[in-house]
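Student: Got a structure for you, run_28.txt, holding compact mmCIF, C-alpha atoms and all ligand atoms.
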```
# COMPACT_ATOMS: atom_id res chain seq x y z
CA MET A 1 10.10 -9.90 106.38
CA GLU A 2 10.26 -6.11 106.02
CA GLN A 3 11.93 -3.67 108.36
CA ALA A 4 11.73 0.11 107.84
CA LEU A 5 14.84 2.21 108.58
CA ALA A 6 15.71 5.90 108.62
CA LEU A 7 16.08 7.47 105.14
CA ASP A 8 13.04 5.50 103.99
CA LEU A 9 15.16 2.41 103.40
CA VAL A 10 13.12 -0.77 103.41
CA ILE A 11 14.85 -4.11 103.93
CA GLU A 12 13.43 -7.34 102.61
CA ARG A 13 15.65 -10.19 103.73
CA ALA A 14 16.39 -13.27 101.66
CA ALA A 15 14.48 -16.26 103.00
CA GLN A 16 17.62 -18.36 102.91
CA SER A 17 21.27 -17.46 102.43
CA ARG A 18 23.14 -18.94 99.45
CA LEU A 19 26.44 -18.56 101.29
CA PRO A 20 26.75 -22.23 102.32
CA GLN A 21 27.05 -23.12 98.60
CA VAL A 22 29.95 -20.71 98.03
CA ASP A 23 33.68 -21.27 98.60
CA LEU A 24 34.78 -17.90 99.96
CA ASN A 25 38.41 -19.03 99.92
CA ASN A 26 38.37 -19.47 96.19
CA PRO A 27 36.01 -17.02 94.50
CA ALA A 28 36.34 -16.31 90.78
CA PHE A 29 36.01 -12.65 89.82
CA GLY A 30 32.48 -11.41 89.18
CA ARG A 31 30.48 -14.64 88.93
CA THR A 32 28.82 -15.12 92.31
CA PHE A 33 26.64 -12.52 93.98
CA THR A 34 25.70 -12.03 97.60
CA ASP A 35 22.23 -12.55 99.07
CA HIS A 36 21.01 -8.94 98.81
CA MET A 37 21.15 -5.84 96.62
CA LEU A 38 20.21 -2.21 97.08
CA SER A 39 17.75 -0.73 94.61
CA ALA A 40 16.37 2.80 94.11
CA ASP A 41 14.31 4.46 91.37
CA TYR A 42 14.42 8.00 90.02
CA ILE A 43 10.89 9.02 89.12
CA GLY A 44 9.29 12.46 88.81
CA GLY A 45 12.56 14.27 89.59
CA LYS A 46 13.39 12.46 92.82
CA TRP A 47 14.88 9.23 94.14
CA THR A 48 12.34 6.93 95.70
CA ASN A 49 11.60 3.29 96.47
CA VAL A 50 14.97 2.77 98.21
CA ARG A 51 15.09 -0.87 99.24
CA ILE A 52 17.43 -3.70 100.03
CA VAL A 53 15.95 -6.82 98.50
CA PRO A 54 17.10 -10.38 97.80
CA PHE A 55 19.51 -10.42 94.82
CA GLN A 56 17.31 -11.03 91.80
CA ASN A 57 16.84 -10.58 88.06
CA LEU A 58 15.32 -7.40 86.67
CA SER A 59 12.38 -7.20 84.35
CA LEU A 60 12.89 -4.60 81.61
CA ASN A 61 10.76 -3.17 78.83
CA PRO A 62 12.47 -3.81 75.46
CA ALA A 63 12.44 -0.05 74.87
CA THR A 64 14.42 0.64 78.08
CA SER A 65 16.51 3.55 76.88
CA ALA A 66 19.83 2.50 78.47
CA LEU A 67 19.81 -0.55 76.18
CA HIS A 68 19.60 1.67 73.11
CA TYR A 69 21.37 4.92 73.88
CA GLY A 70 23.74 3.89 76.63
CA GLN A 71 22.93 6.14 79.55
CA ALA A 72 24.60 3.70 81.95
CA ILE A 73 27.36 4.36 84.47
CA PHE A 74 28.92 2.23 87.15
CA GLU A 75 31.47 2.10 89.93
CA GLY A 76 33.76 -0.51 91.42
CA LEU A 77 34.99 -0.62 95.00
CA LYS A 78 36.01 -3.24 97.52
CA ALA A 79 35.42 -4.31 101.10
CA TYR A 80 37.76 -6.44 103.17
CA LYS A 81 37.60 -8.31 106.45
CA SER A 82 40.04 -7.21 109.15
CA PRO A 83 41.86 -9.71 111.38
CA ALA A 84 39.28 -8.79 114.06
CA GLY A 85 36.42 -9.63 111.69
CA GLU A 86 35.31 -6.05 110.95
CA VAL A 87 34.14 -5.16 107.44
CA LEU A 88 36.35 -2.40 106.00
CA CYS A 89 35.36 -0.58 102.83
CA PHE A 90 38.10 1.33 100.95
CA ARG A 91 37.40 4.98 100.07
CA PRO A 92 33.67 4.63 99.20
CA ASP A 93 33.27 8.42 99.42
CA GLU A 94 35.57 8.74 96.39
CA ASN A 95 33.41 6.33 94.38
CA PHE A 96 30.33 8.25 95.43
CA LYS A 97 31.82 11.52 94.16
CA ARG A 98 33.06 9.96 90.93
CA MET A 99 29.70 8.38 90.22
CA ASN A 100 28.06 11.77 90.43
CA ARG A 101 30.68 13.29 88.11
CA SER A 102 29.95 10.47 85.63
CA ALA A 103 26.22 11.16 86.04
CA LEU A 104 26.71 14.82 85.17
CA ARG A 105 28.66 13.96 81.99
CA MET A 106 26.08 11.39 80.88
CA CYS A 107 23.16 13.73 81.57
CA MET A 108 21.86 11.58 84.42
CA PRO A 109 20.66 12.59 87.90
CA GLU A 110 23.00 12.68 90.87
CA ILE A 111 22.57 10.01 93.50
CA PRO A 112 22.24 11.36 97.05
CA GLU A 113 24.94 10.50 99.59
CA GLU A 114 22.48 8.86 101.98
CA ILE A 115 21.41 6.40 99.29
CA PHE A 116 24.90 5.61 97.96
CA LEU A 117 26.91 5.59 101.19
CA GLY A 118 24.08 4.99 103.68
CA GLY A 119 22.59 2.24 101.52
CA LEU A 120 26.01 0.67 100.98
CA ARG A 121 26.65 0.57 104.72
CA GLU A 122 23.34 -1.23 105.31
CA LEU A 123 23.96 -3.65 102.47
CA LEU A 124 27.47 -4.51 103.72
CA ASN A 125 26.13 -4.97 107.21
CA LEU A 126 23.46 -7.37 105.98
CA ASP A 127 25.84 -9.38 103.76
CA ARG A 128 28.88 -9.08 106.04
CA ASP A 129 29.41 -12.85 106.21
CA TRP A 130 30.08 -12.80 102.47
CA VAL A 131 33.25 -10.69 102.83
CA PRO A 132 36.23 -12.99 102.32
CA GLN A 133 39.12 -12.78 104.74
CA ARG A 134 41.71 -14.69 102.76
CA GLU A 135 44.70 -12.79 101.31
CA GLY A 136 44.04 -11.87 97.67
CA CYS A 137 40.25 -12.04 98.16
CA SER A 138 37.77 -9.24 98.81
CA LEU A 139 34.15 -8.31 98.30
CA TYR A 140 33.85 -6.44 95.00
CA ILE A 141 31.03 -3.90 95.13
CA ARG A 142 29.29 -2.76 91.96
CA PRO A 143 27.05 0.34 92.05
CA VAL A 144 25.33 0.91 88.70
CA MET A 145 22.83 3.46 87.37
CA PHE A 146 20.96 3.28 84.09
CA ALA A 147 18.15 4.96 82.18
CA THR A 148 14.79 3.19 82.39
CA ASP A 149 12.37 5.20 80.24
CA ALA A 150 10.46 2.84 77.95
CA PHE A 151 10.87 5.26 75.02
CA ILE A 152 12.99 5.04 71.90
CA GLY A 153 13.01 8.72 71.04
CA LEU A 154 16.49 10.15 71.61
CA ARG A 155 16.55 12.31 74.71
CA PRO A 156 17.83 11.98 78.27
CA SER A 157 15.65 9.53 80.13
CA GLU A 158 13.32 10.88 82.78
CA THR A 159 13.57 7.75 84.94
CA TYR A 160 16.59 5.78 86.20
CA LYS A 161 17.42 2.79 88.35
CA PHE A 162 20.30 2.67 90.82
CA LEU A 163 21.56 -0.64 92.17
CA ILE A 164 24.39 -1.79 94.39
CA PHE A 165 25.25 -5.46 94.40
CA CYS A 166 28.30 -7.34 95.63
CA SER A 167 30.43 -10.27 94.59
CA PRO A 168 33.12 -12.12 96.54
CA ALA A 169 36.20 -11.85 94.35
CA GLY A 170 39.65 -13.30 93.88
CA VAL A 171 42.46 -11.73 91.88
CA TYR A 172 41.62 -10.06 88.56
CA TYR A 173 44.97 -10.71 86.86
CA SER A 174 46.61 -13.89 88.09
CA ALA A 175 50.01 -13.04 86.57
CA PRO A 176 51.97 -9.99 85.34
CA VAL A 177 50.40 -8.67 82.16
CA LYS A 178 51.52 -8.23 78.56
CA VAL A 179 50.24 -5.03 77.00
CA LYS A 180 50.19 -3.84 73.40
CA VAL A 181 50.62 -0.17 72.53
CA GLU A 182 47.50 0.72 70.53
CA THR A 183 48.23 3.04 67.64
CA HIS A 184 44.99 2.79 65.66
CA TYR A 185 41.95 2.55 67.96
CA THR A 186 41.16 5.17 70.61
CA ARG A 187 39.72 4.78 74.11
CA ALA A 188 38.92 8.42 74.72
CA ALA A 189 39.01 11.68 72.79
CA GLN A 190 39.36 15.20 74.09
CA GLY A 191 35.92 16.41 75.03
CA GLY A 192 34.60 12.83 75.07
CA THR A 193 33.51 10.60 77.93
CA GLY A 194 36.85 9.05 78.93
CA ALA A 195 36.79 10.54 82.44
CA ALA A 196 33.32 9.11 83.14
CA LYS A 197 32.85 5.51 84.24
CA ALA A 198 30.36 5.05 81.44
CA ALA A 199 29.41 1.58 80.19
CA GLY A 200 29.99 2.61 76.57
CA ASN A 201 33.68 3.32 77.18
CA TYR A 202 34.15 -0.32 78.10
CA ALA A 203 32.08 -1.56 75.15
CA ALA A 204 34.18 0.48 72.70
CA ALA A 205 37.37 -1.05 74.09
CA MET A 206 36.27 -4.65 73.54
CA TYR A 207 37.01 -5.07 69.84
CA PRO A 208 40.55 -3.62 69.95
CA THR A 209 41.19 -5.66 73.11
CA LYS A 210 40.01 -8.83 71.33
CA LEU A 211 42.49 -8.13 68.53
CA ALA A 212 45.25 -7.68 71.12
CA TYR A 213 44.30 -11.03 72.75
CA GLN A 214 44.58 -12.70 69.36
CA GLU A 215 48.17 -11.43 69.19
CA GLY A 216 48.89 -12.92 72.64
CA TYR A 217 48.51 -9.81 74.77
CA ASP A 218 46.39 -9.44 77.92
CA GLN A 219 45.51 -5.79 77.57
CA ILE A 220 45.95 -2.63 75.58
CA LEU A 221 48.17 0.32 76.38
CA TRP A 222 45.95 3.12 75.19
CA THR A 223 47.53 6.16 73.58
CA ASP A 224 46.06 9.62 72.97
CA GLY A 225 43.36 9.79 70.33
CA LYS A 226 44.95 12.64 68.38
CA GLU A 227 48.45 11.39 67.53
CA HIS A 228 48.75 7.98 69.26
CA LYS A 229 52.07 9.21 70.65
CA TYR A 230 51.39 9.57 74.36
CA ILE A 231 50.46 6.81 76.82
CA GLU A 232 47.18 7.30 78.68
CA GLU A 233 45.79 4.11 80.28
CA ALA A 234 46.17 0.33 80.34
CA GLY A 235 43.03 -1.66 79.68
CA THR A 236 40.86 -1.41 82.79
CA MET A 237 43.52 0.48 84.76
CA ASN A 238 45.50 3.69 85.02
CA ILE A 239 49.16 3.16 84.08
CA MET A 240 52.28 4.21 85.96
CA PHE A 241 55.98 4.06 85.13
CA ILE A 242 59.06 4.48 87.25
CA ILE A 243 61.79 5.94 85.08
CA ASN A 244 65.00 7.23 86.65
CA ASP A 245 63.42 6.89 90.12
CA THR A 246 60.51 9.18 89.13
CA LEU A 247 56.90 8.00 89.07
CA ILE A 248 55.22 9.14 85.84
CA THR A 249 51.50 8.86 85.14
CA ALA A 250 48.99 10.67 82.94
CA PRO A 251 47.29 13.64 84.62
CA GLU A 252 43.53 13.72 85.26
CA THR A 253 42.19 15.19 82.02
CA ASP A 254 38.95 14.44 80.21
CA THR A 255 40.55 11.38 78.58
CA ILE A 256 41.66 9.74 81.82
CA LEU A 257 39.50 7.86 84.32
CA PRO A 258 40.23 9.47 87.71
CA GLY A 259 41.15 6.25 89.47
CA ILE A 260 40.88 5.93 93.23
CA THR A 261 43.79 3.48 93.39
CA ARG A 262 45.69 5.97 91.20
CA LYS A 263 44.96 8.77 93.66
CA SER A 264 45.95 6.60 96.66
CA VAL A 265 49.23 5.46 95.06
CA LEU A 266 50.17 9.04 94.19
CA GLN A 267 49.48 10.17 97.75
CA LEU A 268 51.64 7.39 99.22
CA ALA A 269 54.44 8.09 96.71
CA ARG A 270 54.48 11.77 97.67
CA GLU A 271 54.41 10.93 101.39
CA TRP A 272 57.41 8.64 100.83
CA GLY A 273 59.32 11.38 98.98
CA VAL A 274 59.19 9.67 95.58
CA PRO A 275 59.32 12.31 92.80
CA VAL A 276 56.02 12.29 90.90
CA GLU A 277 55.35 13.73 87.45
CA GLU A 278 51.73 13.86 86.31
CA ARG A 279 52.24 14.01 82.57
CA LYS A 280 51.69 11.67 79.65
CA PRO A 281 54.93 9.88 78.78
CA SER A 282 55.46 9.43 75.06
CA VAL A 283 55.69 5.93 73.65
CA GLU A 284 59.15 6.81 72.32
CA GLU A 285 60.30 7.87 75.78
CA VAL A 286 59.10 4.62 77.36
CA ILE A 287 60.65 2.42 74.67
CA ALA A 288 63.95 4.35 74.91
CA ALA A 289 63.88 3.97 78.71
CA ILE A 290 63.41 0.20 78.37
CA GLN A 291 66.29 0.04 75.92
CA ASN A 292 68.71 2.14 77.97
CA GLY A 293 67.76 0.49 81.28
CA THR A 294 66.27 3.56 82.98
CA LEU A 295 62.72 2.11 83.03
CA GLN A 296 62.60 0.41 86.42
CA GLU A 297 58.90 -0.41 86.78
CA ALA A 298 55.61 -0.32 84.88
CA PHE A 299 52.30 -1.21 86.50
CA GLY A 300 48.58 -0.76 86.11
CA VAL A 301 46.51 0.49 89.04
CA GLY A 302 42.78 -0.07 89.49
CA THR A 303 40.19 -1.32 91.94
CA ALA A 304 39.68 -4.75 90.43
CA ALA A 305 43.31 -5.21 89.41
CA THR A 306 44.87 -3.44 92.46
CA ILE A 307 48.53 -3.20 91.34
CA ALA A 308 49.20 -5.20 88.17
CA HIS A 309 52.82 -5.51 87.10
CA ILE A 310 53.42 -5.10 83.37
CA LYS A 311 55.91 -7.66 82.11
CA VAL A 312 55.93 -7.01 78.36
CA ILE A 313 55.14 -3.97 76.21
CA GLY A 314 54.51 -4.68 72.54
CA TYR A 315 55.09 -1.86 70.07
CA GLU A 316 55.28 -2.00 66.27
CA GLY A 317 55.68 -5.78 66.27
CA VAL A 318 58.49 -5.87 68.87
CA GLN A 319 57.95 -7.25 72.38
CA TYR A 320 59.98 -5.38 74.99
CA GLU A 321 60.65 -7.33 78.20
CA LEU A 322 60.53 -5.33 81.42
CA PRO A 323 62.62 -5.81 84.59
CA ASP A 324 61.90 -8.77 86.86
CA VAL A 325 58.88 -8.30 89.08
CA GLN A 326 60.99 -9.13 92.17
CA ASN A 327 63.22 -6.15 91.39
CA ARG A 328 60.48 -3.56 91.51
CA PRO A 329 60.69 -1.95 94.95
CA PHE A 330 58.07 0.77 94.53
CA SER A 331 55.16 -1.21 93.10
CA ASN A 332 55.74 -4.12 95.49
CA LYS A 333 55.93 -1.76 98.47
CA VAL A 334 52.87 0.28 97.51
CA PHE A 335 50.86 -2.91 96.88
CA GLN A 336 51.77 -4.20 100.35
CA GLU A 337 51.05 -0.86 102.03
CA LEU A 338 47.62 -0.60 100.40
CA GLU A 339 46.78 -4.20 101.31
CA ASP A 340 47.80 -3.56 104.93
CA ILE A 341 45.62 -0.45 105.14
CA LYS A 342 42.63 -2.03 103.35
CA ARG A 343 42.76 -5.15 105.53
CA GLY A 344 43.14 -3.22 108.78
CA ARG A 345 46.67 -4.45 109.51
CA LYS A 346 47.93 -0.87 109.57
CA PRO A 347 46.05 2.04 111.14
CA ASP A 348 43.88 4.13 108.85
CA THR A 349 45.61 7.48 109.40
CA ARG A 350 44.21 9.07 106.25
CA GLY A 351 40.48 8.49 106.69
CA TRP A 352 40.35 6.01 103.80
CA ILE A 353 38.34 3.27 105.51
CA MET A 354 34.58 3.07 106.17
CA LYS A 355 34.17 0.54 108.97
CA VAL A 356 30.89 -1.36 108.98
C1 LIG B 1 37.41 -1.77 88.42
O1 LIG B 1 38.63 -1.83 88.45
O2 LIG B 1 36.73 -1.75 89.43
C2 LIG B 1 36.69 -1.70 87.15
O3 LIG B 1 35.67 -1.11 87.11
C3 LIG B 1 37.19 -2.43 85.99
C4 LIG B 1 36.20 -3.47 85.57
C5 LIG B 1 36.27 -3.65 84.12
C6 LIG B 1 36.38 -4.75 86.30
```
Here is the file; what I need is its structure written in the form of structure tokens.

Tutor:
Amino acid sequence: MEQALALDLVIERAAQSRLPQVDLNNPAFGRTFTDHMLSADYIGGKWTNVRIVPFQNLSLNPATSALHYGQAIFEGLKAYKSPAGEVLCFRPDENFKRMNRSALRMCMPEIPEEIFLGGLRELLNLDRDWVPQREGCSLYIRPVMFATDAFIGLRPSETYKFLIFCSPAGVYYSAPVKVKVETHYTRAAQGGTGAAKAAGNYAAAMYPTKLAYQEGYDQILWTDGKEHKYIEEAGTMNIMFIINDTLITAPETDTILPGITRKSVLQLAREWGVPVEERKPSVEEVIAAIQNGTLQEAFGVGTAATIAHIKVIGYEGVQYELPDVQNRPFSNKVFQELEDIKRGRKPDTRGWIMKV
């Protein structure tokens, strides 16, 4: 059944929903996908063939250039169900803007707002019954764009595919995390792609992260690529510290992913009068602050992870225990505030919510 909409969006509905086979109260992260997905193609210098279709596999030529040269970028955002049953999507305009900044860096075409945000709205409307309402659960939304030229010469592709698909999700980290300060491998170098949400950044992190797992850690605390002295990010998240009542986090440079949770937490902190310093803390400063008791909180912030308390920092073979999670007023308060806004329990006074 096909139904044409404004913006040349065509909707082909799934013959039968798979929702009855899914336990929305207990979704694992990233394994189950909703009934539909949005798809668009960039051909001949313009975006075309914008459709919502049943979620399905893709058929790719083996020479598809994204598979070889990595022109692939993605986003992550979430939708929630309010107590009144409305679908609320958190700051999708920020993901839209970041995706286009990633596209620029990776020499890919920008996606128009009507396809990203307009298409997302239609997709969420169609799959609205898939949005979990239970505390801790949400609908994780994954926009992705990749190069599709069937050509193995090295040059920017001339064709691309853009997709948005969704997955009901539970928590990403089920417990406070142990992180290892990385002093050999590098996530991002000055002038590199660290500020882009590029697939290759995540691929390059996998081997060092595997080594950290083998040592009993959950994630890596990435340091700067030049001297490995300054703390930049934590695994899939931005990292924040509260030292002497001041919130410290790395500034948005070309080695830092400009996180939307990061931006939201900083705005709330400033509104609440918490002193904020956007600078990279040195590893030495953080270890000294743990030792002299001035480090009050450490937490990762990200879409999938939301606010993830750090419980242990490992550095040069020593595991430093951090204060009890119950005694962390800022990160607990900001987590609760964000949850209340995202789930429609507090009014959206900042224009952060797209209601569907
Ligand atoms: C997100 O937080 O949305 C991310 O993109 C991280 C991903 C590795 C799950």

Student: How would you write, as a PyMOL selection string, the set of residues no farther than 10 Å from ligand LIG 1 (chain B) when counting only C-alpha atoms and all ligand atoms?

Tutor: chain A and resi 29-30+74-78+140-142+172+197-199+202+235-238+259-261+301-306

Student: How would the residues just chosen look if you wrote them out with C-alpha atoms as a PDB file, in the coordinates of the input?

Tutor:
```
ATOM      1  CA  PHE A  29      36.010 -12.650  89.820  1.00  0.00           C
ATOM      2  CA  GLY A  30      32.480 -11.410  89.180  1.00  0.00           C
ATOM      3  CA  PHE A  74      28.920   2.230  87.150  1.00  0.00           C
ATOM      4  CA  GLU A  75      31.470   2.100  89.930  1.00  0.00           C
ATOM      5  CA  GLY A  76      33.760  -0.510  91.420  1.00  0.00           C
ATOM      6  CA  LEU A  77      34.990  -0.620  95.000  1.00  0.00           C
ATOM      7  CA  LYS A  78      36.010  -3.240  97.520  1.00  0.00           C
ATOM      8  CA  TYR A 140      33.850  -6.440  95.000  1.00  0.00           C
ATOM      9  CA  ILE A 141      31.030  -3.900  95.130  1.00  0.00           C
ATOM     10  CA  ARG A 142      29.290  -2.760  91.960  1.00  0.00           C
ATOM     11  CA  TYR A 172      41.620 -10.060  88.560  1.00  0.00           C
ATOM     12  CA  LYS A 197      32.850   5.510  84.240  1.00  0.00           C
ATOM     13  CA  ALA A 198      30.360   5.050  81.440  1.00  0.00           C
ATOM     14  CA  ALA A 199      29.410   1.580  80.190  1.00  0.00           C
ATOM     15  CA  TYR A 202      34.150  -0.320  78.100  1.00  0.00           C
ATOM     16  CA  GLY A 235      43.030  -1.660  79.680  1.00  0.00           C
ATOM     17  CA  THR A 236      40.860  -1.410  82.790  1.00  0.00           C
ATOM     18  CA  MET A 237      43.520   0.480  84.760  1.00  0.00           C
ATOM     19  CA  ASN A 238      45.500   3.690  85.020  1.00  0.00           C
ATOM     20  CA  GLY A 259      41.150   6.250  89.470  1.00  0.00           C
ATOM     21  CA  ILE A 260      40.880   5.930  93.230  1.00  0.00           C
ATOM     22  CA  THR A 261      43.790   3.480  93.390  1.00  0.00           C
ATOM     23  CA  VAL A 301      46.510   0.490  89.040  1.00  0.00           C
ATOM     24  CA  GLY A 302      42.780  -0.070  89.490  1.00  0.00           C
ATOM     25  CA  THR A 303      40.190  -1.320  91.940  1.00  0.00           C
ATOM     26  CA  ALA A 304      39.680  -4.750  90.430  1.00  0.00           C
ATOM     27  CA  ALA A 305      43.310  -5.210  89.410  1.00  0.00           C
ATOM     28  CA  THR A 306      44.870  -3.440  92.460  1.00  0.00           C
TER      29      THR A 306
END
```

Student: Given 3 Å on each side, where is the centre and what are the edge lengths in Å to one decimal of the axis-aligned box enclosing the listed atoms of segment 83-100 of chain A, as AutoDock Vina command-line options?

Tutor:
```
--center_x 35.0 --center_y 1.0 --center_z 102.1 --size_x 19.8 --size_y 27.5 --size_z 29.8
```

Student: If I take atom CA of Gln267 of chain A and atom CA of Leu247 of chain A, how far is one from the other in Å, to one decimal?

Tutor: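 Value for the atom CA of Gln267 of chain A-atom CA of Leu247 of chain A distance: 11.6 Å.
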
Student: Would you mind telling me which residue in A:Thr186, A:Gln336, A:Thr223, A:Gln326 lies nearest to Tyr207 of chain A when using all atoms listed in the file?

Tutor: A:Thr186

Student: For atom CA of Asp324 of chain A and atom CA of Phe299 of chain A, quote the distance in Å rounded to one decimal.

Tutor: 12.2 Å

Student: Show me, as a list in words, the residues that have an atom within 12 Å of Ala204 of chain A when counting all atoms listed in the file, minus same-chain residues fewer than 4 positions from it.

Tutor: Gly70, Tyr185, Thr186, Arg187, Ala188, Thr193, Gly194, Ala198, Ala199, Gly200, Pro208, Thr209, Lys210 and Gly235 of chain A

Student: Which residue, A:Cys137, A:Ile111, A:Val356, A:Ile248, has the smallest gap to Ala28 of chain A when you use all atoms listed in the file?

Tutor: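 Closest candidate: A:Cys137.
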
Student: Neighbouring residues of Trp222 of chain A were defined as those with any atom within 7 Å, considering all atoms listed in the file; residues of the same chain fewer than 4 positions away were excluded. Please report them as a PDB file with C-alpha atoms, in the frame of the given file.

Tutor:
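What landed in part32.pdb:
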```pdb
ATOM      1  CA  VAL A 181      50.620  -0.170  72.530  1.00  0.00           C
ATOM      2  CA  GLU A 182      47.500   0.720  70.530  1.00  0.00           C
ATOM      3  CA  THR A 186      41.160   5.170  70.610  1.00  0.00           C
ATOM      4  CA  ARG A 187      39.720   4.780  74.110  1.00  0.00           C
ATOM      5  CA  ILE A 231      50.460   6.810  76.820  1.00  0.00           C
ATOM      6  CA  GLU A 232      47.180   7.300  78.680  1.00  0.00           C
ATOM      7  CA  GLU A 233      45.790   4.110  80.280  1.00  0.00           C
ATOM      8  CA  ALA A 234      46.170   0.330  80.340  1.00  0.00           C
TER       9      ALA A 234
END
```

Student: Can you tell me, as a list in words, what residues are no more than 9 Å from Val179 of chain A when counting all atoms listed in the file, ignoring any on the same chain fewer than 4 positions away?

Tutor: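 So the residues in contact are Ala212, Tyr217, Asp218, Gln219, Ile220, Leu221, Ala234, Gly235, Ile310, Lys311, Val312, Ile313 and Gly314 of chain A.
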
Student: Restore all heavy atoms in segment 258-264 of chain A and list the result as a JSON list (two decimals), in the coordinates of the input.

Tutor:
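Below is the file that was written, result-v8.json:
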```
[["chain", "number", "residue", "atom", "x", "y", "z"],
["A", 258, "PRO", "N", 39.56, 9.07, 86.45],
["A", 258, "PRO", "CA", 40.23, 9.47, 87.71],
["A", 258, "PRO", "C", 40.17, 8.34, 88.74],
["A", 258, "PRO", "O", 39.27, 8.26, 89.56],
["A", 258, "PRO", "CB", 39.43, 10.70, 88.16],
["A", 258, "PRO", "CG", 38.12, 10.63, 87.45],
["A", 258, "PRO", "CD", 38.27, 9.73, 86.25],
["A", 259, "GLY", "N", 41.15, 7.47, 88.65],
["A", 259, "GLY", "CA", 41.15, 6.25, 89.47],
["A", 259, "GLY", "C", 41.40, 6.54, 90.94],
["A", 259, "GLY", "O", 42.19, 7.42, 91.30],
["A", 260, "ILE", "N", 40.74, 5.74, 91.78],
["A", 260, "ILE", "CA", 40.88, 5.93, 93.23],
["A", 260, "ILE", "C", 42.15, 5.23, 93.71],
["A", 260, "ILE", "O", 42.84, 5.73, 94.60],
["A", 260, "ILE", "CB", 39.59, 5.46, 93.92],
["A", 260, "ILE", "CG1", 38.49, 6.45, 93.51],
["A", 260, "ILE", "CG2", 39.74, 5.40, 95.44],
["A", 260, "ILE", "CD1", 37.12, 5.90, 93.42],
["A", 261, "THR", "N", 42.48, 4.11, 93.09],
["A", 261, "THR", "CA", 43.79, 3.48, 93.39],
["A", 261, "THR", "C", 44.90, 4.41, 92.91],
["A", 261, "THR", "O", 45.90, 4.61, 93.60],
["A", 261, "THR", "CB", 43.89, 2.10, 92.72],
["A", 261, "THR", "OG1", 42.73, 1.34, 93.07],
["A", 261, "THR", "CG2", 45.12, 1.34, 93.19],
["A", 262, "ARG", "N", 44.71, 5.00, 91.72],
["A", 262, "ARG", "CA", 45.69, 5.97, 91.20],
["A", 262, "ARG", "C", 45.95, 7.07, 92.22],
["A", 262, "ARG", "O", 47.09, 7.37, 92.57],
["A", 262, "ARG", "CB", 45.14, 6.56, 89.89],
["A", 262, "ARG", "CG", 45.97, 7.70, 89.31],
["A", 262, "ARG", "CD", 45.22, 8.40, 88.17],
["A", 262, "ARG", "NE", 46.03, 9.46, 87.61],
["A", 262, "ARG", "CZ", 46.14, 10.67, 88.16],
["A", 262, "ARG", "NH1", 45.50, 10.96, 89.30],
["A", 262, "ARG", "NH2", 46.91, 11.60, 87.61],
["A", 263, "LYS", "N", 44.85, 7.67, 92.71],
["A", 263, "LYS", "CA", 44.96, 8.77, 93.66],
["A", 263, "LYS", "C", 45.68, 8.33, 94.95],
["A", 263, "LYS", "O", 46.52, 9.05, 95.50],
["A", 263, "LYS", "CB", 43.53, 9.24, 93.99],
["A", 263, "LYS", "CG", 43.43, 10.47, 94.83],
["A", 263, "LYS", "CD", 41.97, 10.92, 94.92],
["A", 263, "LYS", "CE", 41.87, 12.15, 95.82],
["A", 263, "LYS", "NZ", 40.56, 12.76, 95.76],
["A", 264, "SER", "N", 45.37, 7.11, 95.41],
["A", 264, "SER", "CA", 45.95, 6.60, 96.66],
["A", 264, "SER", "C", 47.44, 6.34, 96.47],
["A", 264, "SER", "O", 48.25, 6.66, 97.35],
["A", 264, "SER", "CB", 45.24, 5.32, 97.09],
["A", 264, "SER", "OG", 43.84, 5.51, 97.10]]
```
